[in-house]
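Asks: Sharing protein00.txt (compact mmCIF, C-alpha atoms) below.
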# COMPACT_ATOMS: atom_id res chain seq x y z
CA MET A 1443 -25.90 -22.94 22.59
CA ALA A 1444 -27.82 -19.69 23.29
CA LYS A 1445 -24.89 -18.41 25.32
CA GLY A 1446 -22.56 -19.12 22.40
CA ARG A 1447 -24.82 -17.21 20.01
CA LEU A 1448 -24.99 -14.29 22.41
CA THR A 1449 -21.19 -14.19 22.65
CA ILE A 1450 -20.82 -14.25 18.84
CA GLY A 1451 -23.45 -11.50 18.54
CA MET A 1452 -21.62 -9.34 21.09
CA LEU A 1453 -18.33 -9.88 19.29
CA LEU A 1454 -19.90 -8.86 15.98
CA VAL A 1455 -21.41 -5.71 17.48
CA LEU A 1456 -18.17 -4.76 19.24
CA GLY A 1457 -16.12 -5.50 16.15
CA LEU A 1458 -18.11 -3.27 13.84
CA PRO A 1459 -16.91 0.29 13.22
CA CYS A 1460 -18.66 2.82 15.39
CA GLN A 1461 -21.58 4.37 13.52
CA ALA A 1462 -21.84 7.46 15.73
CA GLU A 1463 -22.61 10.75 14.04
CA VAL A 1464 -19.54 12.15 12.32
CA ASP A 1465 -18.94 15.82 11.52
CA GLU A 1466 -18.61 16.46 7.79
CA PHE A 1467 -16.26 19.00 6.18
CA GLU A 1468 -15.89 19.94 2.53
CA LEU A 1469 -12.85 20.76 0.44
CA VAL A 1470 -12.96 21.98 -3.16
CA LEU A 1471 -10.16 21.52 -5.67
CA LYS A 1472 -10.24 24.12 -8.43
CA GLU A 1473 -7.44 25.03 -10.84
CA HIS A 1474 -5.10 22.84 -8.79
CA LEU A 1475 -5.77 24.77 -5.57
CA PHE A 1476 -7.58 23.58 -2.45
CA TYR A 1477 -10.38 25.74 -1.00
CA PRO A 1478 -10.23 26.37 1.88
CA ALA A 1479 -6.49 25.92 2.12
CA ARG A 1480 -6.78 25.86 5.92
CA LEU A 1481 -9.54 23.72 7.32
CA GLU A 1482 -10.36 23.67 11.03
CA VAL A 1483 -11.72 20.42 12.46
CA PRO A 1484 -12.41 19.37 16.05
CA ALA A 1485 -9.55 17.53 17.75
CA GLY A 1486 -10.18 14.16 19.36
CA ARG A 1487 -13.01 13.19 16.99
CA LYS A 1488 -13.25 11.29 13.75
CA VAL A 1489 -14.38 13.57 10.91
CA LYS A 1490 -15.54 13.02 7.35
CA LEU A 1491 -13.79 14.98 4.62
CA VAL A 1492 -15.62 15.31 1.31
CA ILE A 1493 -13.31 16.53 -1.47
CA HIS A 1494 -14.81 17.86 -4.70
CA ASN A 1495 -12.55 17.88 -7.75
CA GLN A 1496 -13.82 20.62 -10.09
CA ASP A 1497 -10.79 20.36 -12.40
CA ASP A 1498 -10.61 18.49 -15.71
CA THR A 1499 -7.75 16.31 -14.47
CA PRO A 1500 -7.55 13.72 -11.70
CA GLU A 1501 -5.79 14.62 -8.47
CA GLU A 1502 -4.53 12.52 -5.59
CA PHE A 1503 -5.30 13.87 -2.14
CA ASP A 1504 -2.24 12.92 -0.13
CA SER A 1505 -1.10 13.52 3.42
CA PHE A 1506 1.80 11.90 5.22
CA ASP A 1507 0.68 13.62 8.45
CA LEU A 1508 -2.85 12.21 8.21
CA ASN A 1509 -1.72 8.92 6.62
CA ARG A 1510 -4.25 9.26 3.81
CA GLU A 1511 -4.12 9.06 0.00
CA LYS A 1512 -7.01 8.96 -2.43
CA VAL A 1513 -7.37 9.70 -6.14
CA ILE A 1514 -10.26 12.02 -7.00
CA PHE A 1515 -11.37 11.87 -10.62
CA PRO A 1516 -12.38 14.95 -12.66
CA LYS A 1517 -15.77 16.44 -11.72
CA ARG A 1518 -16.20 13.81 -9.01
CA LYS A 1519 -16.07 13.85 -5.22
CA ALA A 1520 -14.35 11.52 -2.80
CA THR A 1521 -14.76 10.85 0.90
CA VAL A 1522 -11.93 10.33 3.36
CA TYR A 1523 -12.30 9.80 7.11
CA ILE A 1524 -9.59 11.30 9.32
CA GLY A 1525 -8.87 11.39 13.03
CA PRO A 1526 -9.36 11.37 15.93
CA LEU A 1527 -6.52 13.93 15.76
CA LYS A 1528 -4.45 15.51 18.50
CA PRO A 1529 -4.57 19.34 18.45
CA GLY A 1530 -2.13 20.54 15.80
CA VAL A 1531 -1.52 21.27 12.14
CA TYR A 1532 -1.56 18.50 9.53
CA ASP A 1533 -0.34 19.20 5.98
CA PHE A 1534 -1.96 17.76 2.89
CA PHE A 1535 -1.27 18.21 -0.82
CA GLY A 1536 -2.27 17.14 -4.31
CA GLU A 1537 0.21 14.45 -5.33
CA PHE A 1538 -0.14 15.28 -9.04
CA ASN A 1539 0.32 19.04 -8.54
CA PRO A 1540 2.27 19.38 -5.30
CA ASN A 1541 3.54 22.90 -6.02
CA THR A 1542 0.09 24.50 -6.08
CA ALA A 1543 -2.39 22.10 -4.50
CA ARG A 1544 -1.44 22.41 -0.84
CA GLY A 1545 -3.38 22.88 2.37
CA GLN A 1546 -3.59 22.24 6.08
CA VAL A 1547 -6.04 20.58 8.43
CA VAL A 1548 -5.96 22.31 11.81
CA ALA A 1549 -7.26 20.16 14.65
CA VAL A 1550 -8.63 22.48 17.32
CA LYS A 1551 -9.47 21.50 20.87
CA GLN A 1552 -13.10 22.40 21.41
CA GLU A 1553 -14.39 23.85 24.66
CA ILE A 1554 -17.44 22.10 26.08
CA SER A 1555 -19.97 24.87 25.40
CA ASP A 1556 -23.12 22.82 25.12
CA ALA A 1557 -24.64 22.68 28.58
CA ASN A 1558 -27.26 20.22 27.44
CA MET B 1089 7.34 18.39 -12.40
CA LEU B 1090 10.44 16.33 -13.18
CA ILE B 1091 11.03 15.52 -9.51
CA ASN B 1092 7.35 14.77 -9.00
CA SER B 1093 7.36 12.31 -11.91
CA VAL B 1094 10.44 10.59 -10.44
CA ILE B 1095 8.82 10.34 -6.99
CA LEU B 1096 5.53 9.02 -8.37
CA PHE B 1097 7.28 6.46 -10.55
CA LEU B 1098 9.42 5.32 -7.62
CA ARG B 1099 6.41 5.01 -5.33
CA ASP B 1100 4.43 2.93 -7.81
CA ALA B 1101 7.14 0.96 -9.60
CA LEU B 1102 9.64 0.13 -6.84
CA PRO B 1103 7.47 -2.57 -5.18
CA VAL B 1104 7.16 -4.33 -8.57
CA PHE B 1105 10.92 -4.14 -9.19
CA VAL B 1106 11.63 -5.45 -5.68
CA LEU B 1107 9.31 -8.44 -6.14
CA VAL B 1108 10.62 -9.29 -9.61
CA SER B 1109 14.27 -9.09 -8.48
CA MET B 1110 13.65 -11.51 -5.58
CA LEU B 1111 11.72 -13.96 -7.78
CA LEU B 1112 14.34 -13.75 -10.53
CA ALA B 1113 17.05 -14.63 -8.00
CA VAL B 1114 15.17 -17.83 -7.12
CA ALA B 1115 14.49 -18.61 -10.80
CA ASN B 1116 18.11 -18.07 -11.85
CA HIS B 1117 19.46 -20.06 -8.91
CA SER B 1118 17.17 -22.98 -9.78
CA GLN B 1119 18.09 -22.59 -13.47
CA ARG B 1120 14.46 -22.10 -14.45
CA GLN B 1121 13.46 -20.54 -17.75
CA ILE B 1122 12.39 -16.95 -17.37
CA ASN B 1123 9.50 -16.98 -19.85
CA TRP B 1124 7.21 -16.74 -16.81
CA LEU B 1125 8.39 -13.14 -16.45
CA GLY B 1126 7.29 -12.27 -19.98
CA TRP B 1127 3.81 -13.65 -19.28
CA ALA B 1128 3.64 -11.83 -15.95
CA LEU B 1129 4.67 -8.47 -17.45
CA ALA B 1130 2.29 -8.80 -20.40
CA LEU B 1131 -0.66 -9.76 -18.17
CA GLY B 1132 0.26 -7.07 -15.64
CA LEU B 1133 0.41 -4.33 -18.29
CA LEU B 1134 -2.91 -5.40 -19.76
CA GLY B 1135 -4.39 -5.50 -16.27
CA SER B 1136 -3.09 -2.03 -15.44
CA LEU B 1137 -4.53 -0.59 -18.68
CA ALA B 1138 -7.90 -2.22 -17.96
CA LEU B 1139 -7.84 -0.98 -14.36
CA THR B 1140 -6.90 2.56 -15.45
CA HIS B 1141 -9.94 2.52 -17.71
CA ALA B 1142 -12.27 1.15 -15.01
CA VAL B 1143 -10.96 2.81 -11.85
CA ASP B 1144 -13.05 5.96 -12.35
CA ASN B 1145 -16.29 3.95 -12.11
CA LEU B 1146 -14.83 1.61 -9.50
CA SER B 1147 -14.26 4.59 -7.21
CA GLU B 1148 -18.02 5.28 -7.20
CA LEU B 1149 -18.98 1.80 -5.97
CA LEU B 1150 -19.72 0.89 -2.33
CA GLU B 1151 -20.45 4.52 -1.41
CA GLY B 1152 -17.05 5.67 -2.60
CA ALA B 1153 -15.08 2.80 -1.04
CA GLY B 1154 -14.86 0.70 -4.24
CA VAL B 1155 -11.17 1.28 -4.96
CA GLU B 1156 -10.09 0.67 -1.37
CA VAL B 1157 -12.07 -2.59 -1.08
CA PHE B 1158 -10.77 -3.74 -4.48
CA ILE B 1159 -7.12 -3.02 -3.56
CA PHE B 1160 -7.51 -4.70 -0.17
CA SER B 1161 -8.98 -7.83 -1.82
CA CYS B 1162 -6.15 -7.90 -4.37
CA GLN B 1163 -3.53 -7.52 -1.62
CA VAL B 1164 -5.03 -10.43 0.34
CA ALA B 1165 -5.00 -12.56 -2.83
CA MET B 1166 -1.43 -11.43 -3.54
CA PHE B 1167 -0.27 -12.46 -0.05
CA ALA B 1168 -1.94 -15.87 -0.44
CA LEU B 1169 -0.09 -16.29 -3.76
CA LEU B 1170 3.16 -15.32 -2.05
CA LEU B 1171 2.65 -18.09 0.53
CA VAL B 1172 1.91 -20.59 -2.26
CA ASN B 1173 5.03 -19.42 -4.08
CA LEU B 1174 7.26 -19.88 -1.02
CA HIS B 1175 5.72 -23.29 -0.32
CA CYS B 1176 6.45 -24.37 -3.91
CA GLN B 1177 10.00 -23.00 -3.69
CA PHE B 1178 10.76 -24.90 -0.49
CA SER B 1179 9.04 -28.12 -1.57
CA LEU B 1180 10.60 -28.03 -5.07
CA ARG B 1181 7.41 -27.74 -7.13
CA PRO B 1182 8.49 -25.76 -10.21
CA GLN B 1183 5.08 -25.64 -11.90
CA GLY B 1184 3.32 -24.27 -8.84
CA TRP B 1185 6.15 -21.78 -8.33
CA ARG B 1186 5.87 -20.62 -11.94
CA TRP B 1187 2.10 -20.04 -11.90
CA SER B 1188 2.11 -18.32 -8.53
CA ALA B 1189 4.98 -16.06 -9.67
CA ILE B 1190 3.09 -15.08 -12.84
CA ALA B 1191 -0.11 -14.36 -10.89
CA MET B 1192 1.71 -12.39 -8.19
CA VAL B 1193 3.74 -10.15 -10.51
CA SER B 1194 0.82 -9.46 -12.83
CA LEU B 1195 -1.45 -8.58 -9.89
CA VAL B 1196 1.04 -6.16 -8.33
CA LEU B 1197 1.91 -4.65 -11.71
CA ALA B 1198 -1.78 -4.17 -12.55
CA MET B 1199 -2.48 -2.36 -9.26
CA ASP B 1200 0.64 -0.19 -9.06
CA GLY B 1201 0.81 0.37 -12.82
CA ALA B 1202 -2.77 1.68 -12.92
CA ASN B 1203 -1.92 4.18 -10.19
CA PHE B 1204 0.94 5.60 -12.25
CA LEU B 1205 -0.96 5.46 -15.55
CA VAL B 1206 -3.76 7.66 -14.13
CA TYR B 1207 -1.12 10.35 -13.51
CA PHE B 1208 0.74 9.61 -16.76
CA PHE B 1209 -2.32 9.92 -19.04
CA SER B 1210 -3.67 12.95 -17.22
CA TYR B 1211 -0.36 14.79 -17.55
CA TRP B 1212 0.23 13.63 -21.13
CA THR B 1213 -3.16 14.86 -22.37
CA HIS B 1214 -3.06 18.25 -20.62
CA GLU B 1215 0.55 19.37 -20.97
CA GLN B 1216 2.06 20.54 -24.22
CA THR B 1217 5.59 19.49 -23.35
CA PRO B 1218 5.62 16.08 -21.68
CA LEU B 1219 9.45 16.07 -21.60
CA ALA B 1220 9.55 16.29 -17.79
CA LEU B 1221 7.21 13.30 -17.58
CA ILE B 1222 9.34 11.20 -19.92
CA MET B 1223 12.60 12.21 -18.22
CA GLY B 1224 11.10 11.58 -14.78
CA THR B 1225 9.91 8.12 -15.84
CA ILE B 1226 13.35 7.26 -17.25
CA LEU B 1227 15.16 8.52 -14.13
CA GLY B 1228 12.72 6.72 -11.84
CA GLY B 1229 13.15 3.56 -13.91
CA ALA B 1230 16.94 3.81 -13.58
CA VAL B 1231 16.74 4.17 -9.79
CA CYS B 1232 14.33 1.21 -9.56
CA MET B 1233 16.60 -0.87 -11.78
CA SER B 1234 19.64 -0.08 -9.60
CA VAL B 1235 17.86 -1.09 -6.40
CA ALA B 1236 16.51 -4.25 -8.07
CA VAL B 1237 19.96 -5.30 -9.35
CA LEU B 1238 21.53 -4.83 -5.90
CA LEU B 1239 18.74 -6.81 -4.25
CA HIS B 1240 18.98 -9.50 -6.89
CA ILE B 1241 22.73 -9.91 -6.31
CA LEU B 1242 22.20 -10.09 -2.55
CA CYS B 1243 19.50 -12.77 -2.87
CA ARG B 1244 21.64 -14.75 -5.37
CA GLN B 1245 24.57 -14.66 -2.93
CA TRP B 1246 22.40 -16.02 -0.11
CA LEU B 1247 21.02 -18.79 -2.31
CA ALA B 1248 24.46 -19.69 -3.66
CA ALA B 1249 25.71 -20.01 -0.07
CA GLY B 1250 22.83 -22.40 0.66
CA TYR B 1251 20.71 -19.94 2.67
CA LYS B 1252 17.09 -20.00 1.50
CA LEU B 1253 15.58 -18.39 4.58
CA PRO B 1254 16.90 -14.76 4.37
CA GLY B 1255 15.38 -14.32 0.90
CA ALA B 1256 12.10 -15.87 2.08
CA LEU B 1257 12.06 -13.52 5.08
CA LEU B 1258 12.57 -10.53 2.78
CA MET B 1259 9.69 -11.69 0.57
CA LEU B 1260 7.42 -12.15 3.58
CA MET B 1261 8.29 -8.69 4.90
CA TRP B 1262 7.57 -7.21 1.49
CA GLY B 1263 4.19 -9.00 1.29
CA ALA B 1264 3.27 -8.12 4.88
CA GLY B 1265 4.08 -4.47 4.14
CA GLN B 1266 1.68 -4.46 1.20
CA LEU B 1267 -1.01 -6.06 3.36
CA SER B 1268 -0.52 -3.59 6.18
CA TYR B 1269 -0.75 -0.67 3.74
CA ALA B 1270 -4.07 -2.04 2.44
CA LEU B 1271 -5.48 -2.11 5.99
CA ASN B 1272 -4.96 1.63 6.21
CA LEU B 1273 -7.06 2.06 3.07
CA LEU B 1274 -10.00 0.41 4.82
CA THR B 1275 -9.60 2.83 7.72
CA GLN B 1276 -9.75 5.87 5.44
CA VAL B 1277 -13.18 4.80 4.12
CA ASP B 1278 -14.43 3.93 7.62
CA LEU B 1279 -14.60 0.16 7.08
CA LEU B 1280 -12.15 -0.32 9.95
CA PRO B 1281 -12.06 1.76 13.15
CA PRO B 1282 -9.45 4.57 13.30
CA MET B 1283 -5.93 3.36 14.10
CA THR B 1284 -4.04 5.34 16.72
CA PRO B 1285 -0.29 5.21 16.03
CA ILE B 1286 1.53 3.14 18.64
CA TRP B 1287 4.83 4.93 17.98
CA ASP B 1288 6.15 7.64 15.70
CA THR B 1289 9.64 7.40 14.23
CA SER B 1290 9.11 10.16 11.63
CA GLN B 1291 11.80 12.28 13.33
CA TRP B 1292 14.37 9.62 12.39
CA ILE B 1293 13.00 8.26 9.13
CA ALA B 1294 10.03 10.19 7.75
CA ASP B 1295 7.60 8.42 5.43
CA ASN B 1296 8.15 11.07 2.75
CA SER B 1297 11.98 10.87 2.85
CA GLU B 1298 13.96 8.93 0.21
CA LEU B 1299 14.93 6.30 2.80
CA GLY B 1300 11.32 6.13 4.00
CA HIS B 1301 10.10 5.43 0.45
CA LEU B 1302 12.80 2.78 -0.06
CA LEU B 1303 12.12 1.00 3.23
CA ASN B 1304 8.39 1.17 2.59
CA SER B 1305 8.81 -0.56 -0.78
CA LEU B 1306 11.25 -3.13 0.62
CA MET B 1307 9.55 -4.08 3.87
CA GLY B 1308 6.45 -1.90 4.38
CA TYR B 1309 8.07 0.64 6.71
CA GLU B 1310 5.64 3.11 8.28
CA ALA B 1311 6.77 5.81 10.68
CA ALA B 1312 3.54 5.71 12.70
CA PRO B 1313 1.82 2.32 12.37
CA GLY B 1314 -1.48 1.50 14.03
CA LEU B 1315 -1.96 -1.50 16.32
CA TRP B 1316 -3.94 -3.45 13.70
CA GLN B 1317 -1.27 -2.84 11.10
CA LEU B 1318 1.50 -4.00 13.42
CA CYS B 1319 -0.39 -7.15 14.48
CA VAL B 1320 -1.19 -8.12 10.87
CA TYR B 1321 2.39 -7.38 9.81
CA LEU B 1322 3.93 -9.49 12.58
CA LEU B 1323 1.52 -12.39 12.07
CA ALA B 1324 2.06 -12.33 8.30
CA VAL B 1325 5.83 -12.53 8.77
CA VAL B 1326 6.32 -14.67 11.88
CA LEU B 1327 3.84 -17.51 11.28
CA PRO B 1328 4.89 -18.45 7.71
CA PHE B 1329 8.56 -17.86 8.51
CA SER B 1330 8.51 -20.19 11.53
CA TRP B 1331 6.86 -22.85 9.34
CA LEU B 1332 9.57 -22.44 6.67
CA TYR B 1333 12.27 -22.48 9.36
CA ARG B 1334 11.00 -25.80 10.67
CA ARG B 1335 11.02 -27.19 7.13
CA VAL B 1336 14.64 -26.20 6.61
CA HIS B 1337 15.84 -27.10 10.12
CA PRO B 1338 13.60 -29.98 11.30
CA SER B 1339 16.20 -31.06 13.84
CA ARG B 1340 16.07 -27.67 15.61
CA SER B 1341 12.28 -27.58 16.09
CA PRO B 1342 10.96 -28.09 19.68
CA MET B 1343 9.13 -31.31 18.62
CA ALA B 1344 12.36 -32.78 17.35
CA ALA B 1345 14.19 -31.77 20.51
CA LYS B 1346 11.64 -33.76 22.56
CA GLY B 1347 12.16 -36.75 20.28
CA GLU B 1348 8.61 -36.63 18.90
CA VAL B 1349 9.65 -36.31 15.25
Rewrite the coordinates I just gave you, this time as structure tokens.

Replies:
Amino acid sequence: MAKGRLTIGMLLVLGLPCQAEVDEFELVLKEHLFYPARLEVPAGRKVKLVIHNQDDTPEEFDSFDLNREKVIFPKRKATVYIGPLKPGVYDFFGEFNPNTARGQVVAVKQEISDAN
Amino acid sequence: MLINSVILFLRDALPVFVLVSMLLAVANHSQRQINWLGWALALGLLGSLALTHAVDNLSELLEGAGVEVFIFSCQVAMFALLLVNLHCQFSLRPQGWRWSAIAMVSLVLAMDGANFLVYFFSYWTHEQTPLALIMGTILGGAVCMSVAVLLHILCRQWLAAGYKLPGALLMLMWGAGQLSYALNLLTQVDLLPPMTPIWDTSQWIADNSELGHLLNSLMGYEAAPGLWQLCVYLLAVVLPFSWLYRRVHPSRSPMAAKGEV
């Protein structure tokens, strides 16, 4: 009985999403433009992207490269998790204003600089 | 803006047109009244208006994951309704078929309609000349209608020839595609671990190409699916389909071959 409980407990722990610390990056949408338009993130790690919509209209953050889509309502923010990404350039755009709201996530391989 | 309106309408409306065309083929073949469709469209439109009104606040729930969790729950319910609908179709239960069809169409219309209405209302209230929006919606509607008519004729032909299974397979693939898409939504809000693509066919058929959009609406095509998505997709198609196959061809099942049936 105890062994069964232990097994279920282990399965639950292993099945839960990893709660390790995640780097956070911010994007701002203003007048249908993303700032910064080119965002560098570490490759090989999951990162948290917080997108602030400062416009008066909703916008849909969309990326076929990142396989993400999320509507951000006016004067609100939204969170999207991306990665782990291979080093490279990943396009994203605003689905409602695709001619102006465009940007790129650049996944950069980081050198191990922290000796500790 | 015209092209964008067409693309957005196609993305949101095509899955609804695909589902309705397949259900209508079954209804027409069985000579059922189509008043169920009127109820489904009315409920779906009301649902999409209500959801458009509430989605702003919904997006703030569960630490920003409210919309994703809501859509995932609706997709699970929708797939369960699809299984009920197929069961009723194959076991000749017209009342069950009718109610499940109404619930399924109204649920999908509410979800996909709300997505388009957010764009529609935002554009309508901020642009002085919404002509591009209206033209885009009409053009998108015409494309959706064309695809739906072709699919409807194909399904009617199968049913008229006595083949129930191809249409059922198409419906299962459509439903599994919707379910697999919803899994990805849970990943983007960190409720599921990240999904590494197990292959990438975007060089042949990209997700953002016309064919990619069409295949996605028809059968949930994704150029780079994750392992979870693929497993859920295959299970959602293979298990119910094998059950339906055994219903239609009891003599060909392994149990029957051993003489146990």

Asks: As a ChimeraX atom specification, could you give me every residue of chain A near chain B (at most 12 Å apart, counting only C-alpha atoms)?

Replies: /A:1456-1462,1464,1486-1493,1497-1528,1536-1542

Asks: Fewer than 4 positions away in the same chain doesn't count, so skip those; otherwise give me all residues within 9 Å of His1175 (chain B), counting all atoms listed in the file, as a ChimeraX atom specification.

Replies: /B:1170-1171,1179-1181,1184-1185,1332

Asks: Show me, as a list in words, the residues that have an atom within 12 Å of Arg1335 (chain B) when counting all atoms listed in the file, minus same-chain residues fewer than 2 positions from it.

Replies: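 That gives Leu1174, His1175, Gln1177, Phe1178, Ser1179, Lys1252, Leu1253, Pro1328, Phe1329, Ser1330, Trp1331, Leu1332, Tyr1333, His1337, Pro1338, Ser1339, Arg1340, Ser1341 and Ala1344 of chain B.
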
Asks: Grab the CA of Ala1198 (chain B) to CA of Gly1308 (chain B) distance for me, in Å with one decimal place.

Replies: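 The value is 19.0 Å.
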
Asks: What separation in Å, quoted to one decimal, exists between CA of Leu1238 (chain B) and CA of Phe1105 (chain B)?

Replies: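 One can read the CA of Leu1238 (chain B) to CA of Phe1105 (chain B) distance as 11.1 Å.
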
Asks: How many Å lie between CA of Gln1183 (chain B) and CA of Asp1200 (chain B), rounded to one decimal?

Replies: 26.0 Å

Asks: Please supply region 1478-1490 of chain A, rebuilt with N, CA and C atoms, as a short mmCIF file (atom, residue, chain, number, x, y, z; two decimals), in the frame of the given file.

Replies:
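Written file, result36.cif:
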data_model
loop_
_atom_site.label_atom_id
_atom_site.label_comp_id
_atom_site.auth_asym_id
_atom_site.auth_seq_id
_atom_site.Cartn_x
_atom_site.Cartn_y
_atom_site.Cartn_z
N PRO A 1478 -11.19 25.44 1.32
CA PRO A 1478 -10.23 26.37 1.88
C PRO A 1478 -8.87 25.70 2.01
N ALA A 1479 -7.82 26.49 2.00
CA ALA A 1479 -6.49 25.92 2.12
C ALA A 1479 -6.18 25.57 3.58
N ARG A 1480 -6.96 26.15 4.49
CA ARG A 1480 -6.78 25.86 5.92
C ARG A 1480 -8.14 25.49 6.50
N LEU A 1481 -8.25 24.24 6.88
CA LEU A 1481 -9.54 23.72 7.32
C LEU A 1481 -9.48 23.35 8.80
N GLU A 1482 -10.35 23.97 9.59
CA GLU A 1482 -10.36 23.67 11.03
C GLU A 1482 -11.33 22.54 11.33
N VAL A 1483 -10.86 21.55 12.07
CA VAL A 1483 -11.72 20.42 12.46
C VAL A 1483 -11.56 20.20 13.97
N PRO A 1484 -12.55 19.61 14.59
CA PRO A 1484 -12.41 19.37 16.05
C PRO A 1484 -11.37 18.28 16.34
N ALA A 1485 -10.54 18.55 17.34
CA ALA A 1485 -9.55 17.53 17.75
C ALA A 1485 -10.25 16.43 18.55
N GLY A 1486 -9.66 15.25 18.54
CA GLY A 1486 -10.18 14.16 19.36
C GLY A 1486 -11.41 13.47 18.80
N ARG A 1487 -11.82 13.82 17.58
CA ARG A 1487 -13.01 13.19 16.99
C ARG A 1487 -12.73 12.79 15.55
N LYS A 1488 -13.36 11.69 15.15
CA LYS A 1488 -13.25 11.29 13.75
C LYS A 1488 -14.11 12.23 12.91
N VAL A 1489 -13.58 12.70 11.79
CA VAL A 1489 -14.38 13.57 10.91
C VAL A 1489 -14.36 13.05 9.48
N LYS A 1490 -15.40 13.44 8.75
CA LYS A 1490 -15.54 13.02 7.35
C LYS A 1490 -15.17 14.19 6.45
#
